[in-house]
$ cat input_37.cif   # mmCIF, C-alpha atoms and all ligand atoms
data_model
loop_
_atom_site.label_atom_id
_atom_site.label_comp_id
_atom_site.auth_asym_id
_atom_site.auth_seq_id
_atom_site.Cartn_x
_atom_site.Cartn_y
_atom_site.Cartn_z
CA MET F 1 30.34 -202.99 -149.86
CA GLU F 2 28.83 -206.42 -149.35
CA ARG F 3 29.89 -209.94 -150.27
CA LEU F 4 28.63 -210.97 -153.68
CA GLN F 5 26.72 -213.99 -152.42
CA LYS F 6 24.83 -211.75 -149.96
CA ILE F 7 23.90 -209.28 -152.70
CA LEU F 8 22.75 -212.11 -154.97
CA ALA F 9 20.68 -213.70 -152.21
CA GLN F 10 19.10 -210.34 -151.32
CA ALA F 11 18.23 -209.82 -154.95
CA GLY F 12 16.27 -213.07 -154.83
CA VAL F 13 18.56 -215.04 -157.14
CA ALA F 14 18.63 -218.06 -154.78
CA SER F 15 19.56 -218.96 -151.21
CA ARG F 16 22.95 -217.70 -150.06
CA ARG F 17 24.44 -221.19 -150.21
CA LYS F 18 23.18 -221.74 -153.76
CA CYS F 19 24.61 -218.33 -154.75
CA GLU F 20 28.01 -219.40 -153.39
CA GLU F 21 27.83 -222.48 -155.60
CA MET F 22 26.95 -220.29 -158.58
CA ILE F 23 29.98 -218.07 -157.91
CA LEU F 24 32.28 -221.08 -157.60
CA ALA F 25 30.84 -222.48 -160.84
CA GLY F 26 31.83 -219.25 -162.67
CA LYS F 27 28.26 -218.15 -163.37
CA VAL F 28 28.56 -214.68 -161.81
CA GLN F 29 30.14 -211.61 -163.37
CA LEU F 30 31.14 -208.36 -161.68
CA ASN F 31 31.51 -205.42 -164.06
CA GLY F 32 31.90 -207.85 -166.93
CA GLU F 33 34.54 -210.07 -165.28
CA THR F 34 33.71 -213.59 -164.08
CA VAL F 35 34.27 -213.92 -160.34
CA THR F 36 34.97 -217.25 -158.65
CA GLU F 37 36.26 -215.99 -155.26
CA LEU F 38 33.71 -216.18 -152.45
CA GLY F 39 35.26 -213.24 -150.56
CA THR F 40 34.67 -210.77 -153.41
CA LYS F 41 32.79 -207.64 -152.35
CA ALA F 42 30.74 -205.28 -154.45
CA ASP F 43 28.44 -202.28 -154.13
CA PRO F 44 25.08 -203.05 -155.76
CA ALA F 45 24.42 -199.32 -156.19
CA VAL F 46 27.52 -198.87 -158.37
CA ASP F 47 28.68 -202.23 -159.70
CA VAL F 48 27.04 -204.18 -162.49
CA ILE F 49 26.38 -207.71 -161.29
CA THR F 50 25.17 -210.34 -163.73
CA VAL F 51 24.32 -214.03 -163.48
CA ASN F 52 24.94 -215.92 -166.71
CA GLY F 53 25.11 -212.51 -168.39
CA LYS F 54 21.72 -211.31 -167.03
CA ALA F 55 21.65 -208.31 -164.67
CA ILE F 56 20.18 -208.99 -161.24
CA GLY F 57 17.25 -206.89 -160.10
CA ILE F 58 16.26 -205.72 -156.67
CA GLU F 59 12.94 -207.41 -155.94
CA LYS F 60 10.32 -206.74 -153.35
CA LYS F 61 10.73 -209.26 -150.51
CA LEU F 62 8.00 -211.87 -150.30
CA TYR F 63 7.34 -214.29 -147.45
CA LEU F 64 4.70 -216.97 -147.92
CA VAL F 65 3.40 -219.85 -145.88
CA PHE F 66 1.96 -222.74 -147.88
CA ASN F 67 0.12 -225.87 -146.79
CA LYS F 68 1.80 -228.37 -149.09
CA PRO F 69 -0.34 -231.35 -150.04
CA LYS F 70 1.16 -234.82 -150.20
CA GLY F 71 2.37 -235.75 -153.71
CA VAL F 72 3.91 -232.38 -154.52
CA ILE F 73 7.60 -231.86 -155.04
CA THR F 74 9.52 -229.08 -153.17
CA SER F 75 11.47 -227.97 -156.19
CA ALA F 76 11.43 -225.32 -158.91
CA SER F 77 10.95 -227.91 -161.66
CA ASP F 78 10.53 -231.64 -162.07
CA PRO F 79 11.82 -233.57 -165.07
CA LYS F 80 9.20 -236.27 -164.39
CA GLY F 81 6.40 -233.70 -164.71
CA ARG F 82 5.09 -234.13 -161.16
CA LYS F 83 3.30 -231.26 -159.42
CA ILE F 84 5.65 -228.67 -157.90
CA VAL F 85 4.93 -226.20 -155.10
CA THR F 86 4.97 -223.15 -157.38
CA ASP F 87 2.04 -224.65 -159.36
CA TYR F 88 -0.05 -223.60 -156.34
CA LEU F 89 1.18 -220.00 -156.12
CA LYS F 90 -1.28 -218.35 -158.48
CA GLY F 91 -0.98 -214.57 -158.31
CA VAL F 92 2.68 -214.61 -157.19
CA ASN F 93 4.72 -213.07 -159.99
CA GLU F 94 8.06 -212.95 -158.18
CA ARG F 95 10.33 -215.99 -158.20
CA VAL F 96 10.24 -217.55 -154.73
CA PHE F 97 12.05 -220.59 -153.43
CA PRO F 98 11.30 -222.94 -150.53
CA VAL F 99 12.93 -222.50 -147.13
CA GLY F 100 14.22 -226.04 -146.66
CA ARG F 101 12.33 -229.02 -148.02
CA LEU F 102 9.47 -231.34 -147.37
CA ASP F 103 9.52 -234.81 -148.93
CA TYR F 104 7.19 -235.58 -151.83
CA ASP F 105 4.96 -237.57 -149.45
CA THR F 106 5.06 -235.08 -146.57
CA GLU F 107 2.36 -232.45 -146.21
CA GLY F 108 2.08 -229.28 -144.19
CA LEU F 109 3.82 -226.03 -143.44
CA LEU F 110 6.33 -224.86 -146.03
CA LEU F 111 7.78 -221.36 -146.12
CA LEU F 112 8.66 -219.74 -149.44
CA THR F 113 10.51 -216.51 -150.02
CA ASN F 114 12.74 -214.57 -152.38
CA ASP F 115 14.85 -213.35 -149.44
CA GLY F 116 18.00 -215.46 -149.42
CA ASP F 117 19.14 -214.10 -146.05
CA PHE F 118 15.88 -215.11 -144.42
CA ALA F 119 16.12 -218.63 -145.91
CA TYR F 120 19.75 -218.92 -144.79
CA LEU F 121 18.95 -217.78 -141.24
CA LEU F 122 16.10 -220.26 -140.83
CA THR F 123 17.78 -223.29 -142.39
CA HIS F 124 21.35 -222.94 -141.13
CA PRO F 125 22.08 -226.00 -138.95
CA LYS F 126 23.66 -223.77 -136.27
CA HIS F 127 20.36 -222.00 -135.65
CA HIS F 128 18.38 -225.07 -134.53
CA VAL F 129 14.96 -223.65 -135.42
CA PRO F 130 12.35 -226.06 -133.99
CA LYS F 131 10.06 -227.82 -136.46
CA THR F 132 7.08 -229.82 -135.25
CA TYR F 133 5.54 -232.76 -137.12
CA LEU F 134 2.63 -235.12 -136.63
CA ALA F 135 3.94 -238.54 -137.61
CA THR F 136 1.40 -241.31 -138.03
CA VAL F 137 3.39 -244.47 -137.57
CA LYS F 138 2.79 -248.19 -137.77
CA GLY F 139 1.84 -249.67 -134.39
CA VAL F 140 2.14 -247.90 -131.05
CA PRO F 141 5.71 -247.18 -129.95
CA HIS F 142 6.43 -247.98 -126.32
CA GLY F 143 7.36 -245.09 -124.00
CA THR F 144 10.92 -246.42 -123.83
CA GLU F 145 11.16 -246.26 -127.63
CA LEU F 146 9.99 -242.65 -127.62
CA ASP F 147 12.59 -241.95 -124.92
CA LYS F 148 15.26 -243.07 -127.40
CA LEU F 149 14.03 -240.45 -129.89
CA LYS F 150 14.00 -237.85 -127.11
CA LYS F 151 17.63 -238.54 -126.22
CA GLY F 152 18.90 -239.00 -129.78
CA VAL F 153 19.29 -242.03 -132.02
CA MET F 154 22.17 -243.11 -134.23
CA LEU F 155 21.39 -242.70 -137.94
CA GLU F 156 23.77 -243.32 -140.81
CA ASP F 157 24.77 -239.63 -140.76
CA GLY F 158 25.33 -239.53 -136.98
CA MET F 159 23.40 -239.03 -133.72
CA THR F 160 20.26 -236.93 -133.82
CA ALA F 161 19.96 -234.04 -131.39
CA PRO F 162 17.46 -234.36 -128.53
CA ALA F 163 13.85 -234.07 -129.70
CA GLU F 164 10.55 -233.40 -127.95
CA VAL F 165 8.20 -236.34 -128.47
CA ASP F 166 4.72 -237.17 -127.19
CA TYR F 167 1.64 -239.22 -128.04
CA TYR F 168 -0.93 -237.24 -130.03
CA ASP F 169 -3.47 -239.93 -130.93
CA VAL F 170 -3.52 -243.68 -130.46
CA ASP F 171 -5.72 -245.95 -132.54
CA PRO F 172 -7.71 -248.20 -130.13
CA ASP F 173 -6.87 -251.35 -132.15
CA GLY F 174 -3.15 -250.51 -131.93
CA LYS F 175 -2.58 -250.60 -135.70
CA GLU F 176 -1.21 -247.08 -135.83
CA SER F 177 -0.59 -244.04 -133.68
CA THR F 178 0.18 -240.39 -134.20
CA ILE F 179 3.19 -238.98 -132.45
CA ARG F 180 4.02 -235.29 -132.17
CA ILE F 181 7.74 -234.72 -132.62
CA THR F 182 9.79 -231.52 -132.57
CA ILE F 183 13.26 -231.59 -134.05
CA HIS F 184 15.87 -228.84 -134.16
CA GLU F 185 17.75 -230.05 -137.22
CA GLY F 186 16.78 -230.47 -140.85
CA ARG F 187 18.52 -233.54 -142.17
CA ASN F 188 17.20 -235.38 -145.19
CA ARG F 189 14.14 -237.55 -144.33
CA GLN F 190 15.08 -237.15 -140.71
CA VAL F 191 11.74 -237.84 -139.03
CA ARG F 192 11.09 -240.88 -141.22
CA ARG F 193 14.55 -242.26 -140.47
CA MET F 194 14.19 -241.63 -136.73
CA PHE F 195 10.98 -243.69 -136.60
CA GLU F 196 12.50 -246.38 -138.83
CA SER F 197 15.30 -246.67 -136.26
CA ILE F 198 12.74 -247.72 -133.61
CA ASN F 199 10.91 -250.01 -136.07
CA HIS F 200 7.75 -247.91 -136.35
CA PRO F 201 7.81 -246.68 -139.95
CA VAL F 202 6.02 -243.44 -140.77
CA GLN F 203 2.85 -243.80 -142.81
CA ARG F 204 1.81 -240.15 -142.93
CA LEU F 205 3.81 -237.07 -142.06
CA LYS F 206 2.64 -233.50 -141.63
CA ARG F 207 4.62 -230.46 -140.50
CA ILE F 208 2.46 -228.33 -138.23
CA SER F 209 4.88 -225.63 -137.11
CA PHE F 210 8.13 -223.94 -137.96
CA GLY F 211 9.64 -221.78 -135.17
CA ASP F 212 6.71 -219.91 -133.62
CA LEU F 213 4.63 -220.16 -136.78
CA HIS F 214 1.74 -222.67 -136.76
CA LEU F 215 -0.16 -224.08 -139.69
CA GLY F 216 -3.45 -223.68 -137.82
CA ASN F 217 -6.52 -224.44 -139.91
CA MET F 218 -5.07 -223.36 -143.23
CA LYS F 219 -6.53 -225.41 -146.08
CA ARG F 220 -4.35 -227.87 -147.98
CA GLY F 221 -2.94 -226.44 -151.24
CA LEU F 222 -3.46 -222.80 -150.18
CA TYR F 223 -0.92 -220.15 -149.29
CA ARG F 224 -0.92 -216.75 -147.63
CA HIS F 225 1.54 -213.90 -147.12
CA LEU F 226 3.17 -213.71 -143.71
CA THR F 227 2.57 -210.52 -141.74
CA PRO F 228 5.65 -208.36 -140.99
CA ALA F 229 5.30 -209.39 -137.32
CA GLU F 230 5.39 -213.10 -138.27
CA VAL F 231 8.53 -212.52 -140.37
CA GLU F 232 10.20 -210.75 -137.45
CA ASP F 233 9.15 -213.51 -135.02
CA LEU F 234 10.69 -216.16 -137.29
CA LYS F 235 13.94 -214.22 -137.55
CA ARG F 236 13.97 -213.75 -133.79
CA SER F 237 13.35 -217.45 -133.17
CA ALA F 238 16.38 -218.38 -135.32
CA LYS F 239 18.59 -215.91 -133.47
CA LYS F 240 17.30 -217.01 -130.07
CA GLU F 241 17.90 -220.71 -130.79
CA LYS F 242 21.42 -219.90 -131.94
CA LYS F 243 22.16 -217.99 -128.74
CA HIS F 244 20.98 -220.77 -126.45
CA GLY F 245 22.49 -223.53 -128.60
CA LYS F 246 19.27 -225.45 -128.02
CA GLY F 247 18.92 -228.91 -129.49
CA GLN F 248 22.51 -230.09 -129.41
N1 LIG E 301 11.48 -235.34 -141.99
C1 LIG E 301 11.15 -236.21 -142.95
O1 LIG E 301 11.40 -237.40 -142.84
N2 LIG E 301 10.54 -235.74 -144.05
C2 LIG E 301 10.21 -234.44 -144.22
O2 LIG E 301 9.64 -234.08 -145.25
C3 LIG E 301 10.55 -233.55 -143.20
C4 LIG E 301 11.19 -234.02 -142.08
#
$ encode --input "input_37.cif" --output "structure tokens"
Amino acid sequence: MERLQKILAQAGVASRRKCEEMILAGKVQLNGETVTELGTKADPAVDVITVNGKAIGIEKKLYLVFNKPKGVITSASDPKGRKIVTDYLKGVNERVFPVGRLDYDTEGLLLLTNDGDFAYLLTHPKHHVPKTYLATVKGVPHGTELDKLKKGVMLEDGMTAPAEVDYYDVDPDGKESTIRITIHEGRNRQVRRMFESINHPVQRLKRISFGDLHLGNMKRGLYRHLTPAEVEDLKRSAKKEKKHGKGQ
């Protein structure tokens, strides 16, 4: 017997957290009865589980890494008709969802999967999985300003955890510079807000790694399947970061 939200996430319905919301919203039925209790357990081999009346299926697990271009929305649909990440996944017939988000204007490494447990493990705030970005910012921040980001800065939703920060490239005329920053959280627009707090707004932002996985020279707009070893490494990195409580 497993909790319903776990079964739904494993079946690729959505992330575990989203599945919990669906249960609470009365969208999930167990053997014909609507369930709204999060503790409810079921046996997928025996019980009939439906979402909005449609039976869930057991899908093959997919794990993709995508180099998201700027100007693409990390979402399953967009009412404004902008490009969405799944527009780029030609040849993928299973429904996959992004592991966390990248802003519309951010490019770089985005994981996609239909494995809700995997997405939950990698995005849960307790797990502190490191994410590295190249942030091209206005001007050249002083070392003391970067030290503030390293220690943690106060944003409207609280102090940020310590980050690793170093200079990556500095424009000789001082108009802009590229800073490499690794954060262990995943708050909304976090990197942009961190640089705003030191008065060096971000002009371009690219995620270059997630846990031990690096974007490398993957072309913009393309995706590939992760190898089983890469999937295991990502899971391990989430568990390791949790154990050491790194980043807070
Ligand atoms: N931080 C941001 O500000 N934006 C992103 O897309 C990711 C991290």
$ residues_around --input "input_37.cif" --residues "Ile73 of chain F" --least-positions-apart "2" --cutoff "10 Å" --atoms "all atoms listed in the file" --output "CSV table (one decimal) with C-alpha atoms, keeping the file's coordinate frame"
chain,number,residue,atom,x,y,z
F,68,LYS,CA,1.8,-228.4,-149.1
F,69,PRO,CA,-0.3,-231.4,-150.0
F,70,LYS,CA,1.2,-234.8,-150.2
F,71,GLY,CA,2.4,-235.8,-153.7
F,75,SER,CA,11.5,-228.0,-156.2
F,76,ALA,CA,11.4,-225.3,-158.9
F,77,SER,CA,11.0,-227.9,-161.7
F,78,ASP,CA,10.5,-231.6,-162.1
F,81,GLY,CA,6.4,-233.7,-164.7
F,82,ARG,CA,5.1,-234.1,-161.2
F,83,LYS,CA,3.3,-231.3,-159.4
F,84,ILE,CA,5.6,-228.7,-157.9
F,85,VAL,CA,4.9,-226.2,-155.1
F,86,THR,CA,5.0,-223.2,-157.4
F,101,ARG,CA,12.3,-229.0,-148.0
F,102,LEU,CA,9.5,-231.3,-147.4
F,103,ASP,CA,9.5,-234.8,-148.9
F,104,TYR,CA,7.2,-235.6,-151.8
F,105,ASP,CA,5.0,-237.6,-149.4
F,106,THR,CA,5.1,-235.1,-146.6
$ closest_atom_pairs --input "input_37.cif" --of "segment 10-66 of chain F" --to "segment 118-134 of chain F" --cutoff "8 Å" --atoms "all atoms listed in the file" --output "JSON lines"
{"residue": "F:Ser15", "atom": "CA", "partner": "F:Ala119", "partner_atom": "CA", "distance": 6.3}
{"residue": "F:Arg16", "atom": "CA", "partner": "F:Tyr120", "partner_atom": "CA", "distance": 6.3}
{"residue": "F:Arg17", "atom": "CA", "partner": "F:Tyr120", "partner_atom": "CA", "distance": 7.5}
$ closest_residue --input "input_37.cif" --among "F:Glu232, F:Glu145, F:Asp117, F:Asp47" --to "Ala9 of chain F" --atoms "all atoms listed in the file"
F:Asp117
$ axis_aligned_box --input "input_37.cif" --around "segment 189-195 of chain F" --padding-each-side "3 Å" --output "JSON"
{"center_x": 13.0, "center_y": -240.4, "center_z": -140.5, "size_x": 10.1, "size_y": 12.5, "size_z": 13.7}
$ residues_near_ligand --input "input_37.cif" --ligand "ligand LIG 301 (chain E)" --cutoff "10 Å" --atoms "only C-alpha atoms and all ligand atoms" --output "PyMOL selection string"
chain F and resi 70+74+100-108+110+131-133+135+182-183+185-196+202+204-207
$ build_atoms --input "input_37.cif" --residues "segment 162-190 of chain F" --atoms "N, CA and C atoms" --output "mmCIF file, in the coordinates of the input"
data_model
loop_
_atom_site.group_PDB
_atom_site.id
_atom_site.type_symbol
_atom_site.label_atom_id
_atom_site.label_comp_id
_atom_site.auth_asym_id
_atom_site.auth_seq_id
_atom_site.Cartn_x
_atom_site.Cartn_y
_atom_site.Cartn_z
ATOM 1 N N PRO F 162 18.664 -234.084 -129.309
ATOM 2 C CA PRO F 162 17.460 -234.360 -128.530
ATOM 3 C C PRO F 162 16.213 -233.759 -129.181
ATOM 4 N N ALA F 163 15.109 -234.517 -129.085
ATOM 5 C CA ALA F 163 13.850 -234.070 -129.700
ATOM 6 C C ALA F 163 12.763 -234.087 -128.628
ATOM 7 N N GLU F 164 11.708 -233.309 -128.845
ATOM 8 C CA GLU F 164 10.550 -233.400 -127.950
ATOM 9 C C GLU F 164 9.549 -234.333 -128.637
ATOM 10 N N VAL F 165 9.049 -235.305 -127.871
ATOM 11 C CA VAL F 165 8.200 -236.340 -128.470
ATOM 12 C C VAL F 165 7.045 -236.654 -127.519
ATOM 13 N N ASP F 166 5.823 -236.676 -128.025
ATOM 14 C CA ASP F 166 4.720 -237.170 -127.190
ATOM 15 C C ASP F 166 3.617 -237.814 -128.030
ATOM 16 N N TYR F 167 2.759 -238.569 -127.342
ATOM 17 C CA TYR F 167 1.640 -239.220 -128.040
ATOM 18 C C TYR F 167 0.618 -238.141 -128.385
ATOM 19 N N TYR F 168 0.083 -238.196 -129.607
ATOM 20 C CA TYR F 168 -0.930 -237.240 -130.030
ATOM 21 C C TYR F 168 -2.274 -237.945 -130.168
ATOM 22 N N ASP F 169 -2.241 -239.164 -130.721
ATOM 23 C CA ASP F 169 -3.470 -239.930 -130.930
ATOM 24 C C ASP F 169 -3.102 -241.409 -131.066
ATOM 25 N N VAL F 170 -3.823 -242.245 -130.365
ATOM 26 C CA VAL F 170 -3.520 -243.680 -130.460
ATOM 27 C C VAL F 170 -4.770 -244.422 -130.910
ATOM 28 N N ASP F 171 -4.640 -245.160 -131.982
ATOM 29 C CA ASP F 171 -5.720 -245.950 -132.540
ATOM 30 C C ASP F 171 -6.073 -247.075 -131.542
ATOM 31 N N PRO F 172 -7.363 -247.215 -131.156
ATOM 32 C CA PRO F 172 -7.710 -248.200 -130.130
ATOM 33 C C PRO F 172 -7.293 -249.636 -130.502
ATOM 34 N N ASP F 173 -7.276 -249.976 -131.807
ATOM 35 C CA ASP F 173 -6.870 -251.350 -132.150
ATOM 36 C C ASP F 173 -5.345 -251.504 -132.262
ATOM 37 N N GLY F 174 -4.618 -250.419 -132.000
ATOM 38 C CA GLY F 174 -3.150 -250.510 -131.930
ATOM 39 C C GLY F 174 -2.444 -250.617 -133.275
ATOM 40 N N LYS F 175 -3.202 -250.451 -134.374
ATOM 41 C CA LYS F 175 -2.580 -250.600 -135.700
ATOM 42 C C LYS F 175 -1.649 -249.427 -136.026
ATOM 43 N N GLU F 176 -2.067 -248.252 -135.578
ATOM 44 C CA GLU F 176 -1.210 -247.080 -135.830
ATOM 45 C C GLU F 176 -1.402 -246.065 -134.711
ATOM 46 N N SER F 177 -0.482 -245.103 -134.677
ATOM 47 C CA SER F 177 -0.590 -244.040 -133.680
ATOM 48 C C SER F 177 0.041 -242.792 -134.254
ATOM 49 N N THR F 178 -0.395 -241.656 -133.732
ATOM 50 C CA THR F 178 0.180 -240.390 -134.200
ATOM 51 C C THR F 178 0.995 -239.793 -133.071
ATOM 52 N N ILE F 179 2.234 -239.502 -133.423
ATOM 53 C CA ILE F 179 3.190 -238.980 -132.450
ATOM 54 C C ILE F 179 3.559 -237.566 -132.865
ATOM 55 N N ARG F 180 3.566 -236.655 -131.869
ATOM 56 C CA ARG F 180 4.020 -235.290 -132.170
ATOM 57 C C ARG F 180 5.513 -235.213 -131.852
ATOM 58 N N ILE F 181 6.284 -234.750 -132.819
ATOM 59 C CA ILE F 181 7.740 -234.720 -132.620
ATOM 60 C C ILE F 181 8.283 -233.366 -133.070
ATOM 61 N N THR F 182 9.132 -232.791 -132.221
ATOM 62 C CA THR F 182 9.790 -231.520 -132.570
ATOM 63 C C THR F 182 11.276 -231.763 -132.685
ATOM 64 N N ILE F 183 11.812 -231.439 -133.852
ATOM 65 C CA ILE F 183 13.260 -231.590 -134.050
ATOM 66 C C ILE F 183 13.876 -230.214 -134.289
ATOM 67 N N HIS F 184 15.172 -230.132 -134.044
ATOM 68 C CA HIS F 184 15.870 -228.840 -134.160
ATOM 69 C C HIS F 184 16.911 -228.889 -135.276
ATOM 70 N N GLU F 185 16.819 -229.928 -136.088
ATOM 71 C CA GLU F 185 17.750 -230.050 -137.220
ATOM 72 C C GLU F 185 16.917 -230.167 -138.482
ATOM 73 N N GLY F 186 17.551 -230.330 -139.612
ATOM 74 C CA GLY F 186 16.780 -230.470 -140.850
ATOM 75 C C GLY F 186 17.476 -231.415 -141.805
ATOM 76 N N ARG F 187 17.827 -232.587 -141.283
ATOM 77 C CA ARG F 187 18.520 -233.540 -142.170
ATOM 78 C C ARG F 187 17.506 -234.199 -143.103
ATOM 79 N N ASN F 188 18.032 -234.735 -144.174
ATOM 80 C CA ASN F 188 17.200 -235.380 -145.190
ATOM 81 C C ASN F 188 16.372 -236.518 -144.579
ATOM 82 N N ARG F 189 15.069 -236.494 -144.782
ATOM 83 C CA ARG F 189 14.140 -237.550 -144.330
ATOM 84 C C ARG F 189 14.350 -237.896 -142.859
ATOM 85 N N GLN F 190 14.666 -236.871 -142.082
ATOM 86 C CA GLN F 190 15.080 -237.150 -140.710
ATOM 87 C C GLN F 190 14.006 -237.824 -139.859
#
